[in-house]
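Engineer: As input, take query-v6.txt (compact mmCIF, C-alpha atoms and all ligand atoms):
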```txt
# COMPACT_ATOMS: atom_id res chain seq x y z
CA MET L 243 -70.94 1.93 -111.55
CA LYS L 244 -68.35 -0.50 -112.82
CA ARG L 245 -65.65 2.01 -112.11
CA ASP L 246 -66.89 2.53 -108.61
CA SER L 247 -66.90 -1.14 -107.84
CA ASN L 248 -63.38 -1.41 -109.28
CA ARG L 249 -62.07 1.32 -107.02
CA ALA L 250 -63.60 -0.36 -104.05
CA THR L 251 -61.56 -3.48 -104.67
CA VAL L 252 -58.31 -1.69 -105.61
CA TRP L 253 -58.17 0.73 -102.70
CA PRO L 254 -57.13 -1.62 -99.89
CA VAL L 255 -54.13 -2.86 -101.95
CA TRP L 256 -53.02 0.67 -102.78
CA HIS L 257 -53.46 1.75 -99.19
CA HIS L 258 -51.40 -1.20 -98.00
CA ARG L 259 -48.54 -0.40 -100.43
CA ARG L 260 -48.48 3.21 -99.32
CA ARG L 261 -48.12 2.11 -95.63
CA LEU L 262 -45.27 -0.23 -96.62
CA ARG L 263 -43.45 2.55 -98.46
CA LEU L 264 -43.87 4.93 -95.52
CA SER L 265 -42.45 2.45 -93.04
CA ARG L 266 -39.47 1.76 -95.34
CA ILE L 267 -38.72 5.47 -95.47
CA ALA L 268 -38.91 5.61 -91.68
CA VAL L 269 -36.47 2.70 -91.29
CA ALA L 270 -34.07 4.23 -93.78
CA ALA L 271 -34.23 7.62 -92.11
CA THR L 272 -33.59 6.10 -88.68
CA ALA L 273 -30.61 4.16 -90.07
CA VAL L 274 -29.15 7.30 -91.61
CA LEU L 275 -29.65 9.15 -88.34
CA LEU L 276 -27.99 6.36 -86.33
CA LEU L 277 -25.09 6.16 -88.76
CA ALA L 278 -24.62 9.90 -88.68
CA ALA L 279 -24.56 9.87 -84.88
CA GLY L 280 -22.29 6.83 -84.60
CA CYS L 281 -19.73 7.66 -87.25
CA ARG L 282 -18.78 11.26 -86.68
CA LEU L 283 -15.57 11.60 -88.61
CA ASP L 284 -14.78 15.23 -88.00
CA MET L 285 -11.65 15.04 -85.71
CA HIS L 286 -11.78 11.39 -84.81
CA VAL L 287 -9.71 10.02 -87.60
CA GLN L 288 -6.60 12.03 -88.32
CA PRO L 289 -2.94 11.36 -89.03
CA LYS L 290 -1.13 11.14 -85.68
CA TYR L 291 1.51 9.15 -83.81
CA VAL L 292 0.71 7.11 -80.73
CA PRO L 293 3.43 6.95 -78.03
CA ASP L 294 6.63 5.17 -79.11
CA GLN L 295 5.47 4.81 -82.71
CA PRO L 296 8.46 5.11 -85.09
CA THR L 297 8.59 7.51 -88.00
CA THR L 298 10.77 8.06 -91.03
CA PHE L 299 10.14 11.80 -90.87
CA PHE L 300 12.87 12.58 -88.32
CA HIS L 301 16.43 11.35 -88.82
CA ASP L 302 16.53 9.55 -85.46
CA GLY L 303 13.40 7.57 -86.34
CA ARG L 304 11.51 8.74 -83.25
CA SER L 305 8.13 10.39 -83.58
CA GLU L 306 8.51 11.88 -80.05
CA ARG L 307 10.78 14.88 -80.01
CA PRO L 308 13.26 15.43 -77.19
CA GLU L 309 13.20 18.69 -75.21
CA ILE L 310 15.35 21.35 -76.86
CA PRO L 311 18.39 21.88 -74.58
CA GLY L 312 17.91 24.86 -72.31
CA THR L 313 14.12 24.75 -72.50
CA VAL L 314 12.47 25.86 -69.27
CA ALA L 315 8.81 25.12 -68.71
CA ARG L 316 6.70 27.85 -67.17
CA GLY L 317 7.13 27.96 -63.38
CA GLN L 318 10.22 25.74 -63.51
CA LEU L 319 12.95 28.35 -63.71
CA HIS L 320 14.87 27.46 -60.56
CA ILE L 321 17.74 29.93 -60.55
CA ASP L 322 17.39 30.92 -56.88
CA GLU L 323 20.35 28.97 -55.47
CA LEU L 324 19.31 29.29 -51.83
CA ARG L 325 15.68 28.38 -52.39
CA TYR L 326 16.24 25.36 -54.64
CA ASN L 327 19.68 24.17 -53.62
CA GLY L 328 19.95 25.23 -49.99
CA THR L 329 23.33 26.84 -50.61
CA ILE L 330 24.82 30.31 -50.98
CA ASN L 331 27.82 30.40 -53.35
CA GLY L 332 28.04 26.63 -53.00
CA GLN L 333 28.19 26.73 -49.18
CA VAL L 334 25.41 25.11 -47.10
CA ALA L 335 23.23 28.06 -46.04
CA ASN L 336 22.13 28.86 -42.53
CA GLU L 337 19.18 31.03 -43.48
CA PHE L 338 15.73 30.59 -44.95
CA PRO L 339 14.96 31.82 -48.48
CA PHE L 340 11.66 33.35 -47.28
CA PRO L 341 10.40 34.57 -43.90
CA ILE L 342 8.88 31.73 -41.88
CA THR L 343 5.40 32.55 -40.59
CA ALA L 344 3.27 30.65 -38.08
CA GLN L 345 1.40 29.27 -41.10
CA ASP L 346 4.65 27.94 -42.61
CA LEU L 347 5.49 26.27 -39.29
CA ALA L 348 2.08 24.64 -39.14
CA ARG L 349 2.53 23.35 -42.68
CA GLY L 350 6.04 22.16 -41.79
CA GLN L 351 4.66 20.29 -38.78
CA GLN L 352 2.01 18.63 -40.93
CA ARG L 353 4.54 17.58 -43.60
CA TYR L 354 7.03 16.45 -40.95
CA ASN L 355 4.42 14.30 -39.24
CA ILE L 356 3.50 12.70 -42.55
CA TYR L 357 6.94 12.13 -44.09
CA CYS L 358 9.51 12.12 -41.29
CA SER L 359 7.87 11.06 -38.03
CA PRO L 360 7.57 7.35 -39.01
CA CYS L 361 11.34 7.11 -38.49
CA HIS L 362 12.40 10.27 -36.67
CA GLY L 363 9.49 10.24 -34.22
CA TYR L 364 7.05 13.09 -33.55
CA ASP L 365 9.64 14.60 -31.22
CA GLY L 366 12.70 14.16 -33.46
CA SER L 367 14.34 11.71 -31.07
CA GLY L 368 14.77 9.13 -33.84
CA ARG L 369 12.44 6.63 -32.20
CA GLY L 370 9.64 6.55 -34.76
CA MET L 371 7.25 3.66 -35.15
CA ILE L 372 9.24 2.02 -37.97
CA VAL L 373 12.36 2.18 -35.82
CA LEU L 374 10.50 0.57 -32.91
CA ARG L 375 9.77 -2.28 -35.37
CA GLY L 376 13.42 -2.75 -36.27
CA PHE L 377 14.40 -0.13 -38.87
CA GLN L 378 17.80 1.55 -38.46
CA GLN L 379 17.52 4.31 -35.86
CA PRO L 380 18.32 7.76 -37.28
CA PRO L 381 20.30 10.19 -35.11
CA SER L 382 18.35 12.39 -32.71
CA TYR L 383 17.81 15.98 -33.84
CA HIS L 384 18.68 16.98 -30.28
CA SER L 385 22.37 16.19 -30.48
CA ASP L 386 24.74 19.16 -30.37
CA ARG L 387 25.86 18.34 -33.89
CA LEU L 388 22.39 18.58 -35.44
CA ARG L 389 21.34 21.51 -33.24
CA ASN L 390 24.30 23.43 -34.59
CA ALA L 391 23.86 22.21 -38.18
CA PRO L 392 22.81 24.96 -40.61
CA VAL L 393 19.17 24.81 -41.78
CA GLY L 394 20.46 24.22 -45.31
CA HIS L 395 21.72 20.83 -44.10
CA PHE L 396 18.14 19.69 -43.37
CA PHE L 397 17.05 20.98 -46.77
CA ASP L 398 19.92 19.03 -48.33
CA VAL L 399 19.12 15.78 -46.48
CA ILE L 400 15.47 15.93 -47.59
CA THR L 401 16.52 16.77 -51.17
CA ASN L 402 19.37 14.28 -51.66
CA GLY L 403 18.91 11.73 -48.90
CA PHE L 404 21.62 10.90 -46.39
CA GLY L 405 23.37 7.57 -45.88
CA ASN L 406 20.63 4.97 -45.63
CA MET L 407 17.87 7.58 -45.78
CA TYR L 408 16.49 8.06 -49.25
CA SER L 409 15.59 11.35 -50.92
CA TYR L 410 12.19 12.92 -50.37
CA ALA L 411 12.57 15.30 -53.32
CA SER L 412 9.79 13.67 -55.31
CA ARG L 413 7.33 13.90 -52.44
CA VAL L 414 8.19 17.17 -50.71
CA SER L 415 8.32 20.41 -52.73
CA PRO L 416 11.34 22.70 -52.19
CA ASP L 417 9.34 25.27 -50.21
CA ASP L 418 7.85 22.54 -48.02
CA ARG L 419 11.39 21.27 -47.34
CA TRP L 420 12.21 24.67 -45.85
CA ARG L 421 9.01 24.55 -43.80
CA ILE L 422 9.99 21.12 -42.47
CA ALA L 423 13.48 22.44 -41.68
CA ALA L 424 11.85 25.31 -39.76
CA TYR L 425 9.69 22.86 -37.85
CA ILE L 426 12.76 20.75 -36.97
CA ARG L 427 14.28 23.95 -35.54
CA ALA L 428 11.12 24.37 -33.45
CA LEU L 429 11.40 20.73 -32.30
CA GLN L 430 15.02 21.33 -31.32
CA LEU L 431 14.04 24.42 -29.34
CA SER L 432 11.24 22.50 -27.64
CA GLN L 433 13.76 20.02 -26.22
CA HIS L 434 16.43 22.54 -25.40
CA ALA L 435 14.60 25.50 -23.93
CA THR L 436 15.54 27.19 -20.67
CA VAL L 437 13.31 29.11 -18.34
CA ALA L 438 14.93 32.20 -19.82
CA ASP L 439 13.05 31.41 -23.03
CA VAL L 440 9.69 31.61 -21.21
CA PRO L 441 8.24 35.15 -21.21
CA LEU L 442 8.15 36.63 -17.67
CA GLU L 443 4.36 36.84 -17.59
CA ASP L 444 4.05 33.12 -18.42
CA ARG L 445 6.52 31.86 -15.84
CA ALA L 446 3.95 32.00 -13.03
CA ALA L 447 1.88 29.43 -14.92
CA LEU L 448 4.85 27.10 -14.68
CA GLY L 449 5.24 27.74 -10.94
CA LEU L 450 8.58 29.43 -11.53
CA VAL L 451 7.95 32.94 -10.21
CA SER L 452 10.76 32.96 -7.69
CA ALA L 453 13.97 31.99 -9.42
CA PRO L 454 15.71 35.03 -10.89
CA ILE L 455 17.39 34.22 -14.19
CA LYS L 456 21.16 34.46 -13.75
CA LYS L 457 22.47 33.10 -16.99
CA LYS L 458 20.64 33.20 -20.31
CA SER L 459 21.86 30.07 -21.98
CA ALA L 460 22.60 27.25 -19.53
CA PRO L 461 19.42 25.94 -17.90
CA LEU L 462 19.46 26.02 -14.09
CA LYS L 463 18.99 22.76 -12.25
CA GLU L 464 16.14 24.15 -10.14
CA ASP L 465 14.46 25.57 -13.25
CA LEU L 466 14.41 22.15 -14.83
CA ALA L 467 13.12 20.58 -11.65
CA GLY L 468 10.39 23.25 -11.56
CA LEU L 469 9.50 22.59 -15.18
CA ALA L 470 9.31 18.87 -14.55
CA SER L 471 7.02 19.19 -11.54
CA ALA L 472 4.89 21.79 -13.34
CA SER L 473 4.38 19.54 -16.34
CA ALA L 474 3.70 16.56 -14.09
CA LYS L 475 0.77 18.37 -12.44
CA PRO L 476 -2.59 17.17 -13.77
CA LYS L 477 -4.40 19.84 -15.77
C1 LIG F 1 12.29 5.43 -43.51
C2 LIG F 1 12.85 6.10 -42.36
C3 LIG F 1 13.16 7.58 -42.50
C4 LIG F 1 12.31 8.59 -42.88
C5 LIG F 1 10.85 8.46 -43.24
C6 LIG F 1 13.06 9.81 -42.80
N1 LIG F 1 14.34 9.55 -42.40
FE1 LIG F 1 15.79 10.91 -42.02
N2 LIG F 1 17.07 9.43 -41.53
C7 LIG F 1 16.77 8.09 -41.51
C8 LIG F 1 17.95 7.32 -41.19
C9 LIG F 1 18.03 5.81 -41.07
C10 LIG F 1 19.00 8.26 -41.02
C11 LIG F 1 20.45 7.95 -40.74
C12 LIG F 1 21.08 7.64 -42.08
C13 LIG F 1 22.51 7.22 -41.98
O1 LIG F 1 23.24 7.81 -41.16
O2 LIG F 1 22.89 6.33 -42.76
C14 LIG F 1 18.39 9.58 -41.22
C15 LIG F 1 19.07 10.76 -41.08
C16 LIG F 1 18.48 12.00 -41.13
C17 LIG F 1 19.14 13.24 -40.76
C18 LIG F 1 20.52 13.38 -40.14
C19 LIG F 1 21.57 13.67 -41.12
C20 LIG F 1 22.89 13.82 -40.38
O3 LIG F 1 23.56 14.84 -40.59
O4 LIG F 1 23.25 12.91 -39.62
C21 LIG F 1 18.24 14.25 -40.98
C22 LIG F 1 18.46 15.73 -40.73
C23 LIG F 1 17.04 13.64 -41.48
N3 LIG F 1 17.21 12.28 -41.56
C24 LIG F 1 15.91 14.34 -41.82
C25 LIG F 1 14.73 13.73 -42.28
C26 LIG F 1 13.57 14.47 -42.70
C27 LIG F 1 13.43 15.97 -42.64
C28 LIG F 1 12.63 13.55 -43.07
C29 LIG F 1 11.26 13.81 -43.64
C30 LIG F 1 11.18 14.58 -44.85
C31 LIG F 1 13.21 12.24 -42.89
N4 LIG F 1 14.49 12.40 -42.43
C32 LIG F 1 12.56 11.05 -43.14
C33 LIG F 1 15.55 7.53 -41.77
C34 LIG F 1 14.43 8.20 -42.19
```
Mind turning this structure into structure tokens?

Structural biologist:
Amino acid sequence: MKRDSNRATVWPVWHHRRRLRLSRIAVAATAVLLLAAGCRLDMHVQPKYVPDQPTTFFHDGRSERPEIPGTVARGQLHIDELRYNGTINGQVANEFPFPITAQDLARGQQRYNIYCSPCHGYDGSGRGMIVLRGFQQPPSYHSDRLRNAPVGHFFDVITNGFGNMYSYASRVSPDDRWRIAAYIRALQLSQHATVADVPLEDRAALGLVSAPIKKKSAPLKEDLAGLASASAKPK
């Protein structure tokens, strides 16, 4: 009986201690878990150099190694002289390095309108918006000189700049430069076309059915007058 009464008084204390011990274990376990999650050391701490950090390992004291001369990164082997330089045997080329499709022309138009039209104008006249606000006016693409210039010249101007015009090499990829050159050719044609360039079946639409074409190149006065009145008609 004495024993029983003893146990009755001891039990709450023992029970209380056990709860305390359990909660300590829980706290410790949580801390270990948190530490394990927060301090992952696997690849986070390792010997490495941050940019521009010196080293005694290499004789020049630089931890960054220069490119080995003659190294060519994948996709950067530019040995096609025409495609990447616009020349053939050092002479400015008058041909494209790849066939120009309607898609290439559309891309050329888009790139031209973005990069060139601010100064050269959408029509290539050299009266772009920046020029209207006072920037030096570039020459018109529709002069005899630029109409007769080889396409490689346009590639070269975009690549290396020209006079006061800076280079667009960092913004326009080589292939896009050719596409822009092709579009400039299209612009030149658009301002220098004769009725002879209009297919027979389309001439009626221009109101030009009558005039027989005598000479292929020089535009006839009456043809031009016809074109003007046709384009003046409201659609
Ligand atoms: C910020 C204005 C500006 C932009 C944009 C510009 N150009 Fe020019 N461009 C000029 C000026 C100015 C000249 C005349 C430079 C000179 O003679 O000093 C010129 C000259 C030229 C010429 C004539 C070179 C010659 O033989 O006389 C060509 C071709 C040309 N640009 C093509 C382009 C093409 C293509 C683009 C777009 C990729 C372009 N330019 C974008 C201002 C510009």

Engineer: Write as a ChimeraX atom specification the residues around ligand LIG 1 (chain F), taking 9 Å as the cut-off and counting all atoms listed in the file.

Structural biologist: /L:353-362,366,368,370,372-373,377-383,387-388,391,395-401,403-411,413-414,419,422-423,426

Engineer: So how far away is CA of Tyr425 (chain L) from CA of Thr343 (chain L), in Å?

Structural biologist: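 Taking CA of Thr343 (chain L) as the start and CA of Tyr425 (chain L) as the end point, the length is 10.9 Å.
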
Engineer: Residues at most 8 Å from Glu306 (chain L), counting only C-alpha atoms, excluding those fewer than 2 positions away in the same chain, as number ranges by chain?

Structural biologist: L: 293-294, 304, 308

Engineer: I'd like to know which of L:Met371, L:Ala348, L:Ala315, L:Ala335 is closest to Arg421 (chain L), using only C-alpha atoms.

Structural biologist: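 Among L:Met371, L:Ala348, L:Ala315, L:Ala335, it is L:Ala348 that comes nearest to Arg421 (chain L).
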